[in-house]
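upload-v3.tsv follows (TSV, C-alpha atoms and all ligand atoms):
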```tsv
chain	number	residue	atom	x	y	z
A	1	MET	CA	-28.73	-34.70	-71.87
A	2	SER	CA	-25.86	-35.39	-69.52
A	3	ALA	CA	-23.65	-32.55	-68.27
A	4	SER	CA	-20.67	-34.93	-67.97
A	5	PRO	CA	-20.13	-38.09	-70.04
A	6	LEU	CA	-17.45	-39.26	-67.57
A	7	LEU	CA	-19.92	-38.96	-64.71
A	8	GLU	CA	-22.48	-40.99	-66.70
A	9	GLN	CA	-19.86	-43.64	-67.27
A	10	LEU	CA	-18.98	-43.73	-63.57
A	11	ILE	CA	-22.65	-44.12	-62.58
A	12	GLU	CA	-23.12	-46.92	-65.10
A	13	SER	CA	-19.96	-48.67	-63.89
A	14	LEU	CA	-21.02	-48.52	-60.23
A	15	ARG	CA	-24.06	-50.62	-61.08
A	16	CYS	CA	-21.87	-53.72	-61.33
A	17	LEU	CA	-21.78	-53.67	-57.50
A	18	PRO	CA	-24.31	-56.06	-55.91
A	19	GLY	CA	-27.51	-54.37	-54.74
A	20	VAL	CA	-26.65	-51.05	-56.39
A	21	GLY	CA	-29.32	-49.69	-58.76
A	22	GLN	CA	-29.43	-46.44	-60.72
A	23	LYS	CA	-30.34	-44.23	-57.74
A	24	SER	CA	-27.69	-45.67	-55.41
A	25	ALA	CA	-25.09	-45.46	-58.17
A	26	GLN	CA	-25.90	-41.78	-58.68
A	27	ARG	CA	-25.69	-41.10	-54.97
A	28	MET	CA	-22.36	-42.92	-54.74
A	29	ALA	CA	-20.91	-41.05	-57.72
A	30	TYR	CA	-21.93	-37.64	-56.38
A	31	HIS	CA	-20.70	-38.53	-52.91
A	32	LEU	CA	-17.30	-39.58	-54.27
A	33	LEU	CA	-16.92	-36.44	-56.40
A	34	GLU	CA	-18.18	-34.06	-53.74
A	35	ARG	CA	-16.62	-35.44	-50.58
A	36	GLU	CA	-14.40	-38.49	-51.14
A	37	ARG	CA	-12.07	-37.91	-54.05
A	38	GLU	CA	-9.09	-39.25	-52.15
A	39	GLY	CA	-10.96	-42.36	-51.00
A	40	GLY	CA	-12.29	-42.84	-54.52
A	41	LEU	CA	-8.82	-42.81	-56.03
A	42	ARG	CA	-7.66	-45.28	-53.41
A	43	LEU	CA	-10.63	-47.51	-54.24
A	44	ALA	CA	-9.88	-47.35	-57.97
A	45	GLY	CA	-6.30	-48.45	-57.32
A	46	ALA	CA	-7.21	-51.20	-54.86
A	47	LEU	CA	-9.86	-52.55	-57.21
A	48	ALA	CA	-7.61	-52.70	-60.26
A	49	GLU	CA	-4.79	-54.26	-58.27
A	50	ALA	CA	-7.05	-56.85	-56.61
A	51	ILE	CA	-8.66	-57.92	-59.89
A	52	GLU	CA	-5.37	-58.10	-61.75
A	53	ARG	CA	-3.44	-59.94	-59.06
A	54	ILE	CA	-5.84	-62.06	-56.99
A	55	GLY	CA	-6.31	-65.65	-58.08
A	56	HIS	CA	-6.81	-68.79	-56.00
A	57	CYS	CA	-4.50	-70.48	-53.50
A	58	GLU	CA	-3.21	-73.78	-54.92
A	59	SER	CA	-3.71	-75.48	-51.60
A	60	CYS	CA	-6.97	-74.20	-50.08
A	61	ARG	CA	-8.71	-72.55	-53.10
A	62	ASP	CA	-9.30	-69.33	-51.16
A	63	PHE	CA	-8.54	-66.02	-52.87
A	64	SER	CA	-4.83	-65.26	-52.92
A	65	GLU	CA	-2.38	-63.09	-54.83
A	66	THR	CA	0.41	-65.61	-54.26
A	67	PRO	CA	0.50	-69.35	-55.23
A	68	LEU	CA	-0.01	-70.21	-51.56
A	69	CYS	CA	-2.18	-67.89	-49.46
A	70	ALA	CA	-0.79	-66.36	-46.27
A	71	ILE	CA	-2.57	-68.93	-44.10
A	72	CYS	CA	-1.43	-72.00	-46.04
A	73	ALA	CA	2.11	-70.60	-46.20
A	74	SER	CA	2.26	-69.83	-42.48
A	75	GLY	CA	4.66	-71.89	-40.37
A	76	SER	CA	2.60	-71.42	-37.22
A	77	ARG	CA	-0.65	-73.18	-38.14
A	78	ASP	CA	-1.55	-76.73	-37.06
A	79	ARG	CA	-1.40	-78.76	-40.29
A	80	GLY	CA	-3.25	-81.67	-38.69
A	81	LEU	CA	-6.50	-79.67	-38.62
A	82	LEU	CA	-8.36	-78.91	-41.82
A	83	CYS	CA	-11.61	-76.93	-41.88
A	84	ALA	CA	-13.82	-77.16	-44.96
A	85	VAL	CA	-16.01	-74.12	-45.68
A	86	GLU	CA	-18.24	-73.20	-48.59
A	87	SER	CA	-16.92	-69.72	-49.30
A	88	PRO	CA	-14.12	-67.24	-48.59
A	89	ALA	CA	-16.64	-65.23	-46.55
A	90	ASP	CA	-17.26	-68.24	-44.29
A	91	ARG	CA	-13.51	-68.79	-43.95
A	92	LEU	CA	-13.14	-65.14	-42.92
A	93	ALA	CA	-16.02	-65.40	-40.44
A	94	ILE	CA	-14.42	-68.39	-38.69
A	95	GLU	CA	-10.96	-66.84	-38.72
A	96	THR	CA	-12.32	-63.63	-37.21
A	97	ALA	CA	-14.61	-65.18	-34.59
A	98	THR	CA	-12.66	-68.18	-33.31
A	99	GLY	CA	-9.16	-68.96	-32.12
A	100	TYR	CA	-8.78	-71.69	-34.76
A	101	ARG	CA	-5.12	-72.29	-35.67
A	102	GLY	CA	-5.44	-75.01	-38.31
A	103	LEU	CA	-5.80	-74.77	-42.09
A	104	TYR	CA	-8.82	-74.39	-44.38
A	105	PHE	CA	-10.24	-75.85	-47.53
A	106	VAL	CA	-12.59	-73.51	-49.41
A	107	LEU	CA	-15.09	-75.44	-51.53
A	108	GLN	CA	-16.21	-72.33	-53.46
A	109	GLY	CA	-19.73	-73.76	-53.47
A	110	ARG	CA	-21.66	-76.82	-52.30
A	111	LEU	CA	-22.81	-80.03	-53.94
A	112	SER	CA	-25.76	-79.23	-56.17
A	113	PRO	CA	-26.23	-81.89	-58.86
A	114	LEU	CA	-29.11	-80.03	-60.50
A	115	ASP	CA	-26.81	-77.06	-61.12
A	116	GLY	CA	-24.01	-79.28	-62.38
A	117	ILE	CA	-21.92	-78.79	-59.25
A	118	GLY	CA	-20.40	-82.12	-58.31
A	119	PRO	CA	-17.36	-83.25	-56.30
A	120	ARG	CA	-15.00	-82.25	-59.10
A	121	GLU	CA	-16.24	-78.63	-59.23
A	122	LEU	CA	-15.59	-78.33	-55.49
A	123	GLY	CA	-12.05	-79.70	-55.83
A	124	LEU	CA	-12.92	-82.79	-53.78
A	125	ASP	CA	-10.50	-84.94	-55.81
A	126	LYS	CA	-7.68	-82.74	-54.52
A	127	LEU	CA	-9.15	-82.82	-51.02
A	128	ALA	CA	-9.25	-86.65	-51.09
A	129	GLU	CA	-5.59	-86.77	-52.11
A	130	ARG	CA	-4.70	-84.43	-49.31
A	131	LEU	CA	-6.60	-86.45	-46.71
A	132	ALA	CA	-4.91	-89.64	-48.00
A	133	ALA	CA	-1.45	-88.05	-47.62
A	134	GLY	CA	-1.67	-88.59	-43.87
A	135	GLU	CA	-0.87	-85.16	-42.44
A	136	VAL	CA	-4.49	-84.27	-41.61
A	137	ARG	CA	-5.95	-85.91	-38.49
A	138	GLU	CA	-9.28	-84.05	-38.27
A	139	LEU	CA	-11.53	-82.63	-40.96
A	140	ILE	CA	-13.77	-79.93	-39.45
A	141	ILE	CA	-16.81	-79.66	-41.70
A	142	ALA	CA	-18.22	-76.13	-41.55
A	143	THR	CA	-20.64	-76.11	-44.46
A	144	ASN	CA	-23.86	-74.15	-43.98
A	145	PRO	CA	-26.80	-75.87	-42.21
A	146	THR	CA	-28.93	-75.90	-45.37
A	147	VAL	CA	-30.12	-78.95	-47.29
A	148	GLU	CA	-27.31	-78.74	-49.82
A	149	GLY	CA	-24.78	-77.84	-47.13
A	150	GLU	CA	-25.80	-80.92	-45.13
A	151	ALA	CA	-25.53	-83.16	-48.20
A	152	THR	CA	-22.08	-81.74	-48.83
A	153	ALA	CA	-21.14	-82.36	-45.19
A	154	HIS	CA	-22.27	-85.97	-45.46
A	155	TYR	CA	-20.13	-86.48	-48.55
A	156	LEU	CA	-17.11	-84.85	-46.91
A	157	ALA	CA	-17.47	-87.03	-43.80
A	158	GLN	CA	-17.36	-90.12	-46.01
A	159	LEU	CA	-14.23	-88.87	-47.74
A	160	ALA	CA	-12.60	-88.34	-44.37
A	161	ARG	CA	-13.50	-91.77	-43.06
A	162	GLN	CA	-12.17	-93.44	-46.20
A	163	ALA	CA	-8.83	-91.78	-45.47
A	164	GLN	CA	-8.95	-92.62	-41.75
A	165	VAL	CA	-9.32	-88.95	-40.90
A	166	ARG	CA	-11.72	-87.99	-38.09
A	167	PRO	CA	-14.61	-85.86	-39.41
A	168	SER	CA	-16.26	-83.31	-37.12
A	169	ARG	CA	-19.09	-80.83	-37.51
A	170	LEU	CA	-19.73	-77.47	-35.85
A	171	ALA	CA	-21.80	-77.84	-32.69
A	172	HIS	CA	-25.42	-76.89	-32.45
A	173	GLY	CA	-25.66	-73.18	-31.97
A	174	VAL	CA	-25.59	-72.23	-35.61
A	175	PRO	CA	-29.25	-71.50	-36.36
A	176	LEU	CA	-30.86	-73.97	-38.76
A	177	GLY	CA	-31.45	-72.58	-42.24
A	178	GLY	CA	-29.11	-69.66	-41.56
A	179	GLU	CA	-25.97	-68.60	-43.35
A	180	LEU	CA	-22.66	-68.92	-41.49
A	181	GLU	CA	-21.52	-65.59	-42.77
A	182	TYR	CA	-24.27	-63.80	-40.84
A	183	VAL	CA	-24.00	-65.60	-37.51
A	184	ASP	CA	-22.84	-63.34	-34.70
A	185	ARG	CA	-19.26	-63.82	-33.49
A	186	GLY	CA	-20.17	-65.24	-30.09
A	187	THR	CA	-22.47	-67.95	-31.43
A	188	LEU	CA	-19.99	-68.87	-34.10
A	189	ALA	CA	-17.09	-69.06	-31.64
A	190	HIS	CA	-19.17	-71.26	-29.30
A	191	ALA	CA	-20.28	-73.57	-32.10
A	192	PHE	CA	-16.74	-73.85	-33.36
A	193	GLY	CA	-15.34	-74.66	-29.93
A	194	SER	CA	-17.89	-77.40	-29.19
A	195	ARG	CA	-17.82	-79.07	-32.58
A	196	THR	CA	-18.72	-82.77	-32.36
A	197	GLU	CA	-17.22	-85.79	-33.99
A	198	ILE	CA	-19.33	-87.38	-36.73
A	199	THR	CA	-19.70	-91.01	-35.70
A	200	SER	CA	-22.49	-92.48	-37.75
B	201	MET	CA	-5.26	-63.83	-40.25
B	202	SER	CA	-6.15	-62.72	-43.75
B	203	ALA	CA	-5.61	-65.04	-46.69
B	204	SER	CA	-5.07	-62.08	-49.02
B	205	PRO	CA	-3.75	-58.64	-48.05
B	206	LEU	CA	-4.93	-57.19	-51.37
B	207	LEU	CA	-8.45	-58.42	-50.66
B	208	GLU	CA	-8.34	-56.80	-47.21
B	209	GLN	CA	-7.26	-53.57	-48.82
B	210	LEU	CA	-10.09	-53.74	-51.35
B	211	ILE	CA	-12.68	-54.33	-48.60
B	212	GLU	CA	-11.33	-51.40	-46.60
B	213	SER	CA	-11.37	-49.14	-49.66
B	214	LEU	CA	-14.97	-50.03	-50.55
B	215	ARG	CA	-16.07	-48.57	-47.22
B	216	CYS	CA	-15.59	-45.04	-48.56
B	217	LEU	CA	-18.85	-45.59	-50.49
B	218	PRO	CA	-21.90	-44.07	-48.74
B	219	GLY	CA	-23.95	-46.60	-46.74
B	220	VAL	CA	-21.37	-49.37	-47.16
B	221	GLY	CA	-20.21	-51.00	-43.91
B	222	GLN	CA	-17.83	-53.90	-43.30
B	223	LYS	CA	-20.31	-56.65	-44.27
B	224	SER	CA	-21.48	-54.96	-47.47
B	225	ALA	CA	-17.89	-54.18	-48.43
B	226	GLN	CA	-16.97	-57.87	-48.01
B	227	ARG	CA	-19.94	-58.97	-50.06
B	228	MET	CA	-19.06	-56.48	-52.80
B	229	ALA	CA	-15.41	-57.55	-52.89
B	230	TYR	CA	-16.26	-61.25	-53.13
B	231	HIS	CA	-18.91	-60.58	-55.75
B	232	LEU	CA	-16.47	-58.61	-57.89
B	233	LEU	CA	-13.75	-61.26	-57.64
B	234	GLU	CA	-16.08	-64.19	-58.18
B	235	ARG	CA	-18.43	-62.91	-60.83
B	236	GLU	CA	-17.63	-59.39	-62.04
B	237	ARG	CA	-13.94	-59.03	-62.74
B	238	GLU	CA	-14.54	-57.31	-66.05
B	239	GLY	CA	-17.09	-54.92	-64.55
B	240	GLY	CA	-14.75	-54.28	-61.64
B	241	LEU	CA	-11.88	-53.31	-63.91
B	242	ARG	CA	-14.21	-51.02	-65.84
B	243	LEU	CA	-15.31	-49.44	-62.55
B	244	ALA	CA	-11.71	-48.91	-61.43
B	245	GLY	CA	-10.93	-47.13	-64.69
B	246	ALA	CA	-14.10	-45.03	-64.72
B	247	LEU	CA	-13.56	-44.01	-61.10
B	248	ALA	CA	-9.93	-42.94	-61.56
B	249	GLU	CA	-10.76	-41.07	-64.75
B	250	ALA	CA	-13.79	-39.32	-63.26
B	251	ILE	CA	-11.93	-38.19	-60.15
B	252	GLU	CA	-8.91	-37.00	-62.07
B	253	ARG	CA	-10.78	-35.17	-64.80
B	254	ILE	CA	-14.14	-33.97	-63.46
B	255	GLY	CA	-14.26	-30.44	-62.08
B	256	HIS	CA	-17.03	-27.83	-62.27
B	257	CYS	CA	-18.55	-26.09	-65.27
B	258	GLU	CA	-17.54	-22.41	-65.34
B	259	SER	CA	-21.01	-21.38	-66.30
B	260	CYS	CA	-23.48	-23.56	-64.37
B	261	ARG	CA	-21.26	-25.04	-61.59
B	262	ASP	CA	-22.42	-28.59	-62.36
B	263	PHE	CA	-19.82	-31.37	-62.62
B	264	SER	CA	-17.95	-31.27	-65.90
B	265	GLU	CA	-14.69	-32.54	-67.37
B	266	THR	CA	-14.53	-29.57	-69.75
B	267	PRO	CA	-14.54	-25.81	-68.91
B	268	LEU	CA	-18.13	-25.65	-70.16
B	269	CYS	CA	-20.36	-28.68	-69.57
B	270	ALA	CA	-22.12	-30.34	-72.50
B	271	ILE	CA	-25.40	-28.61	-71.70
B	272	CYS	CA	-23.96	-25.09	-71.38
B	273	ALA	CA	-21.89	-25.63	-74.53
B	274	SER	CA	-24.84	-26.93	-76.55
B	275	GLY	CA	-26.07	-24.77	-79.41
B	276	SER	CA	-29.59	-26.16	-79.22
B	277	ARG	CA	-30.70	-25.02	-75.77
B	278	ASP	CA	-32.87	-21.97	-75.09
B	279	ARG	CA	-30.51	-19.47	-73.40
B	280	GLY	CA	-33.41	-17.33	-72.24
B	281	LEU	CA	-34.47	-19.96	-69.70
B	282	LEU	CA	-32.35	-20.60	-66.62
B	283	CYS	CA	-33.28	-23.22	-64.02
B	284	ALA	CA	-31.66	-22.99	-60.57
B	285	VAL	CA	-31.30	-26.29	-58.68
B	286	GLU	CA	-29.58	-27.19	-55.44
B	287	SER	CA	-27.52	-30.15	-56.65
B	288	PRO	CA	-26.28	-32.04	-59.71
B	289	ALA	CA	-28.69	-34.84	-58.76
B	290	ASP	CA	-31.64	-32.42	-58.95
B	291	ARG	CA	-30.38	-31.14	-62.31
B	292	LEU	CA	-30.23	-34.73	-63.56
B	293	ALA	CA	-33.71	-35.51	-62.24
B	294	ILE	CA	-35.23	-32.55	-64.12
B	295	GLU	CA	-33.28	-33.28	-67.28
B	296	THR	CA	-34.42	-36.92	-67.22
B	297	ALA	CA	-38.08	-36.34	-66.32
B	298	THR	CA	-39.01	-33.23	-68.27
B	299	GLY	CA	-38.66	-31.88	-71.78
B	300	TYR	CA	-36.86	-28.76	-70.52
B	301	ARG	CA	-34.61	-27.23	-73.18
B	302	GLY	CA	-33.13	-24.28	-71.30
B	303	LEU	CA	-29.97	-23.99	-69.20
B	304	TYR	CA	-29.27	-24.66	-65.51
B	305	PHE	CA	-27.55	-23.07	-62.58
B	306	VAL	CA	-26.42	-25.54	-59.90
B	307	LEU	CA	-26.18	-23.88	-56.49
B	308	GLN	CA	-24.28	-26.82	-54.94
B	309	GLY	CA	-26.19	-26.21	-51.70
B	310	ARG	CA	-28.80	-23.86	-50.25
B	311	LEU	CA	-28.68	-20.77	-48.09
B	312	SER	CA	-27.90	-21.83	-44.54
B	313	PRO	CA	-26.42	-18.94	-42.53
B	314	LEU	CA	-25.85	-21.11	-39.44
B	315	ASP	CA	-23.57	-23.37	-41.50
B	316	GLY	CA	-21.79	-20.41	-43.04
B	317	ILE	CA	-23.41	-20.93	-46.42
B	318	GLY	CA	-24.35	-17.53	-47.81
B	319	PRO	CA	-24.99	-16.11	-51.29
B	320	ARG	CA	-21.28	-16.11	-52.09
B	321	GLU	CA	-20.84	-19.84	-51.38
B	322	LEU	CA	-23.69	-20.58	-53.80
B	323	GLY	CA	-22.16	-18.43	-56.53
B	324	LEU	CA	-25.04	-15.98	-56.42
B	325	ASP	CA	-22.74	-13.07	-57.28
B	326	LYS	CA	-22.05	-14.77	-60.62
B	327	LEU	CA	-25.73	-15.57	-61.02
B	328	ALA	CA	-26.65	-11.90	-60.45
B	329	GLU	CA	-24.15	-10.83	-63.13
B	330	ARG	CA	-25.61	-13.33	-65.53
B	331	LEU	CA	-29.17	-12.19	-64.89
B	332	ALA	CA	-28.09	-8.57	-65.36
B	333	ALA	CA	-26.48	-9.40	-68.74
B	334	GLY	CA	-29.94	-9.50	-70.30
B	335	GLU	CA	-29.98	-12.87	-72.08
B	336	VAL	CA	-32.10	-14.64	-69.45
B	337	ARG	CA	-35.84	-13.86	-69.51
B	338	GLU	CA	-37.08	-16.41	-66.93
B	339	LEU	CA	-35.42	-17.87	-63.85
B	340	ILE	CA	-37.07	-21.17	-62.97
B	341	ILE	CA	-36.43	-21.76	-59.28
B	342	ALA	CA	-36.33	-25.48	-58.53
B	343	THR	CA	-34.91	-25.56	-55.02
B	344	ASN	CA	-36.30	-28.23	-52.70
B	345	PRO	CA	-39.54	-27.49	-50.80
B	346	THR	CA	-37.80	-27.42	-47.42
B	347	VAL	CA	-37.39	-24.45	-45.09
B	348	GLU	CA	-33.91	-23.65	-46.34
B	349	GLY	CA	-34.88	-24.39	-49.93
B	350	GLU	CA	-37.81	-21.96	-49.66
B	351	ALA	CA	-35.60	-19.26	-48.14
B	352	THR	CA	-33.16	-19.75	-51.00
B	353	ALA	CA	-36.02	-19.55	-53.52
B	354	HIS	CA	-37.17	-16.29	-51.97
B	355	TYR	CA	-33.68	-14.83	-52.26
B	356	LEU	CA	-33.33	-16.01	-55.89
B	357	ALA	CA	-36.70	-14.49	-56.81
B	358	GLN	CA	-35.51	-11.14	-55.46
B	359	LEU	CA	-32.30	-11.38	-57.49
B	360	ALA	CA	-34.35	-12.08	-60.61
B	361	ARG	CA	-36.71	-9.17	-60.06
B	362	GLN	CA	-33.81	-6.78	-59.49
B	363	ALA	CA	-32.55	-7.77	-62.93
B	364	GLN	CA	-36.00	-7.56	-64.55
B	365	VAL	CA	-36.02	-11.29	-65.07
B	366	ARG	CA	-39.28	-13.18	-64.46
B	367	PRO	CA	-38.91	-15.65	-61.56
B	368	SER	CA	-41.00	-18.85	-61.53
B	369	ARG	CA	-41.34	-21.78	-59.19
B	370	LEU	CA	-42.24	-25.42	-59.83
B	371	ALA	CA	-45.99	-26.02	-59.54
B	372	HIS	CA	-47.66	-27.76	-56.65
B	373	GLY	CA	-47.21	-31.45	-57.10
B	374	VAL	CA	-43.83	-31.74	-55.47
B	375	PRO	CA	-44.68	-33.13	-52.02
B	376	LEU	CA	-43.96	-30.72	-49.17
B	377	GLY	CA	-40.90	-31.61	-47.13
B	378	GLY	CA	-39.70	-34.00	-49.82
B	379	GLU	CA	-36.49	-34.05	-51.79
B	380	LEU	CA	-36.67	-33.35	-55.54
B	381	GLU	CA	-34.22	-36.10	-56.27
B	382	TYR	CA	-36.69	-38.74	-55.04
B	383	VAL	CA	-39.86	-37.48	-56.68
B	384	ASP	CA	-41.21	-39.86	-59.33
B	385	ARG	CA	-40.75	-38.81	-62.95
B	386	GLY	CA	-44.43	-38.22	-63.64
B	387	THR	CA	-44.98	-35.88	-60.69
B	388	LEU	CA	-41.79	-34.03	-61.45
B	389	ALA	CA	-42.67	-33.63	-65.13
B	390	HIS	CA	-46.14	-32.33	-64.21
B	391	ALA	CA	-44.78	-29.90	-61.62
B	392	PHE	CA	-42.19	-28.66	-64.05
B	393	GLY	CA	-44.72	-28.16	-66.84
B	394	SER	CA	-47.16	-26.19	-64.67
B	395	ARG	CA	-44.64	-24.00	-62.88
B	396	THR	CA	-46.14	-20.69	-61.77
B	397	GLU	CA	-44.82	-17.18	-61.94
B	398	ILE	CA	-43.79	-15.69	-58.60
B	399	THR	CA	-45.73	-12.45	-58.35
B	400	SER	CA	-45.53	-11.28	-54.78
C	501	ZN	ZN	-4.46	-71.30	-48.97
C	502	ZN	ZN	-22.59	-25.96	-67.42
```

Take the structure in this file and express it as structure tokens.
Ligand SMILES: [Zn+2]
Ligand SMILES: [Zn+2]
Amino acid sequence: MSASPLLEQLIESLRCLPGVGQKSAQRMAYHLLEREREGGLRLAGALAEAIERIGHCESCRDFSETPLCAICASGSRDRGLLCAVESPADRLAIETATGYRGLYFVLQGRLSPLDGIGPRELGLDKLAERLAAGEVRELIIATNPTVEGEATAHYLAQLARQAQVRPSRLAHGVPLGGELEYVDRGTLAHAFGSRTEITS
Amino acid sequence: MSASPLLEQLIESLRCLPGVGQKSAQRMAYHLLEREREGGLRLAGALAEAIERIGHCESCRDFSETPLCAICASGSRDRGLLCAVESPADRLAIETATGYRGLYFVLQGRLSPLDGIGPRELGLDKLAERLAAGEVRELIIATNPTVEGEATAHYLAQLARQAQVRPSRLAHGVPLGGELEYVDRGTLAHAFGSRTEITS
């Protein structure tokens, strides 16, 4: 028997968070009620607002609550540089670690034919149009150094060449088989700075 | 530069959860936006409602959204049995693992004079009144087997004896130095079933 149906409901709801099982959910619920009521209310508000208002940027496909995200809408970014990443987390990692001042294209995935994820699902038709429009002079390919990430990079480099855009790839330094999101800032900044042109 | 201020705000707010740092908060926010929008909205609602409406039961001090919690208000519990636990989590663990049909008293802590936590902070004045009222015939003391938990148990046993109430303690089986909340169900059920009277 539960002493509080609302508490049960809160514990159950917390389990939608990744990596949170029954025990963690209980601990979180008790912690919030005992010591963090203010923070909990703020979280409830931020969560509802984010879910109701955040969609995708029309230009880069990253999360955004406006048609164009703050980066795409900025007047102070170099529009000749476009950096393709797999996920919003990778975009954030590069933005935080490097001094990059260009724009991004967020694939929201990587080519994976067996899972039904092809060029269309990654918005590559829109990317091709954008490359053809002539404003972009370099496509920095920052997919993860995994098998599927490399295949995606190869495809993107071809797209760039077809549009006479120079493709480049992050320099060695990113550990093979690793995930960009978890690379330390220094390594990531170094790899970003010494990215190399893709020539073959 | 952040692509979405609302997303930044969500990540920051998630950090009020215990054990959640910047990286986990990011991962949670992206997961919610990418795959769990419905669950996220449900969580936001459950969290706001729980924080706004959950207080403490007047009788047992556990969390409750009504003056009396569902257990204290139930007509089908044995009012002659009272089980004292340190926390709502311990109460939940006993309720889940055992067939106990009596009532609870949630101390919301343990005696710890150095931290300024005395009998009054644990509501022991109210507990003494309740024991004196004559309805309770056995006080099952289920504090944790730590130094402070044992000192609290000793104090509670004295209170019970003063009121001619039989004090008992969970049987051996609970590992020494452990926390009740993390004991497996089987051990806890066994220990609860073979609780022993405190005679000295
Ligand atoms: Zn954008
Ligand atoms: Zn109660």

Exercise. Could you check how far atom CA of B:Ala297 sits from atom CA of B:Leu380, in Å to one decimal?
Key: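 One can read the atom CA of B:Ala297 to atom CA of B:Leu380 distance as 11.3 Å.
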
Exercise. Kindly work out which residues sit at most 9 Å from ligand ZN 501 (chain C), using only C-alpha atoms and all ligand atoms, and give the list as a list of chain:residue names.
Key: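 Answer in the requested format: A:His56, A:Cys57, A:Glu58, A:Ser59, A:Cys60, A:Arg61, A:Asp62, A:Phe63, A:Ser64, A:Pro67, A:Leu68, A:Cys69, A:Ala70, A:Ile71, A:Cys72, A:Ala73, A:Leu103, A:Tyr104, A:Phe105, A:Val106, B:Ala203.
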
Self-check item: Residues of chain A within 8 Å of chain B, only C-alpha atoms counted, as a ChimeraX atom specification
Solution: /A:1-4,6-7,9-10,13-14,16-18,26-28,30-33,36-37,39-51,54,62-65,69-71,88-89,92,95-96

Exercise. Compile the contact shell of B:Thr346 as a PyMOL selection string: residues with an atom at most 10 Å away, counting only C-alpha atoms, same-chain residues fewer than 6 positions apart removed.
Key: chain B and resi 352+376-379

Practice problem: Show which residues sit within 6 Å of A:Leu81, as a ChimeraX atom specification. Count all atoms listed in the file, and ignore same-chain residues fewer than 6 positions away. | Solution: /A:102,136,138

As an mmCIF file, in the coordinates of the input, please: stretch 31-35 of chain A completed to all heavy atoms.
```cif
data_model
loop_
_atom_site.group_PDB
_atom_site.id
_atom_site.type_symbol
_atom_site.label_atom_id
_atom_site.label_comp_id
_atom_site.auth_asym_id
_atom_site.auth_seq_id
_atom_site.Cartn_x
_atom_site.Cartn_y
_atom_site.Cartn_z
ATOM 1 N N HIS A 31 -21.398 -38.518 -54.194
ATOM 2 C CA HIS A 31 -20.700 -38.530 -52.910
ATOM 3 C C HIS A 31 -19.177 -38.560 -53.123
ATOM 4 O O HIS A 31 -18.426 -37.803 -52.513
ATOM 5 C CB HIS A 31 -21.139 -39.735 -52.079
ATOM 6 C CG HIS A 31 -20.426 -39.880 -50.770
ATOM 7 N ND1 HIS A 31 -20.827 -39.238 -49.623
ATOM 8 C CD2 HIS A 31 -19.329 -40.597 -50.434
ATOM 9 C CE1 HIS A 31 -20.011 -39.544 -48.639
ATOM 10 N NE2 HIS A 31 -19.088 -40.378 -49.101
ATOM 11 N N LEU A 32 -18.740 -39.455 -54.008
ATOM 12 C CA LEU A 32 -17.300 -39.580 -54.270
ATOM 13 C C LEU A 32 -16.738 -38.264 -54.828
ATOM 14 O O LEU A 32 -15.685 -37.799 -54.384
ATOM 15 C CB LEU A 32 -17.044 -40.715 -55.257
ATOM 16 C CG LEU A 32 -17.252 -42.130 -54.694
ATOM 17 C CD1 LEU A 32 -17.277 -43.161 -55.822
ATOM 18 C CD2 LEU A 32 -16.155 -42.472 -53.688
ATOM 19 N N LEU A 33 -17.442 -37.666 -55.767
ATOM 20 C CA LEU A 33 -16.920 -36.440 -56.400
ATOM 21 C C LEU A 33 -16.990 -35.243 -55.464
ATOM 22 O O LEU A 33 -16.140 -34.360 -55.498
ATOM 23 C CB LEU A 33 -17.691 -36.138 -57.678
ATOM 24 C CG LEU A 33 -17.377 -37.078 -58.847
ATOM 25 C CD1 LEU A 33 -18.341 -36.863 -59.986
ATOM 26 C CD2 LEU A 33 -15.937 -36.878 -59.315
ATOM 27 N N GLU A 34 -18.008 -35.218 -54.610
ATOM 28 C CA GLU A 34 -18.180 -34.060 -53.740
ATOM 29 C C GLU A 34 -17.328 -34.131 -52.470
ATOM 30 O O GLU A 34 -16.823 -33.145 -51.991
ATOM 31 C CB GLU A 34 -19.660 -33.892 -53.345
ATOM 32 C CG GLU A 34 -20.482 -33.239 -54.437
ATOM 33 C CD GLU A 34 -21.981 -33.445 -54.247
ATOM 34 O OE1 GLU A 34 -22.394 -33.924 -53.162
ATOM 35 O OE2 GLU A 34 -22.737 -33.148 -55.189
ATOM 36 N N ARG A 35 -17.214 -35.362 -51.923
ATOM 37 C CA ARG A 35 -16.620 -35.440 -50.580
ATOM 38 C C ARG A 35 -15.537 -36.493 -50.394
ATOM 39 O O ARG A 35 -14.928 -36.560 -49.338
ATOM 40 C CB ARG A 35 -17.725 -35.724 -49.550
ATOM 41 C CG ARG A 35 -18.532 -34.508 -49.188
ATOM 42 C CD ARG A 35 -19.521 -34.827 -48.083
ATOM 43 N NE ARG A 35 -20.613 -35.641 -48.565
ATOM 44 C CZ ARG A 35 -21.713 -35.152 -49.156
ATOM 45 N NH1 ARG A 35 -21.844 -33.860 -49.296
ATOM 46 N NH2 ARG A 35 -22.648 -35.964 -49.577
#
```
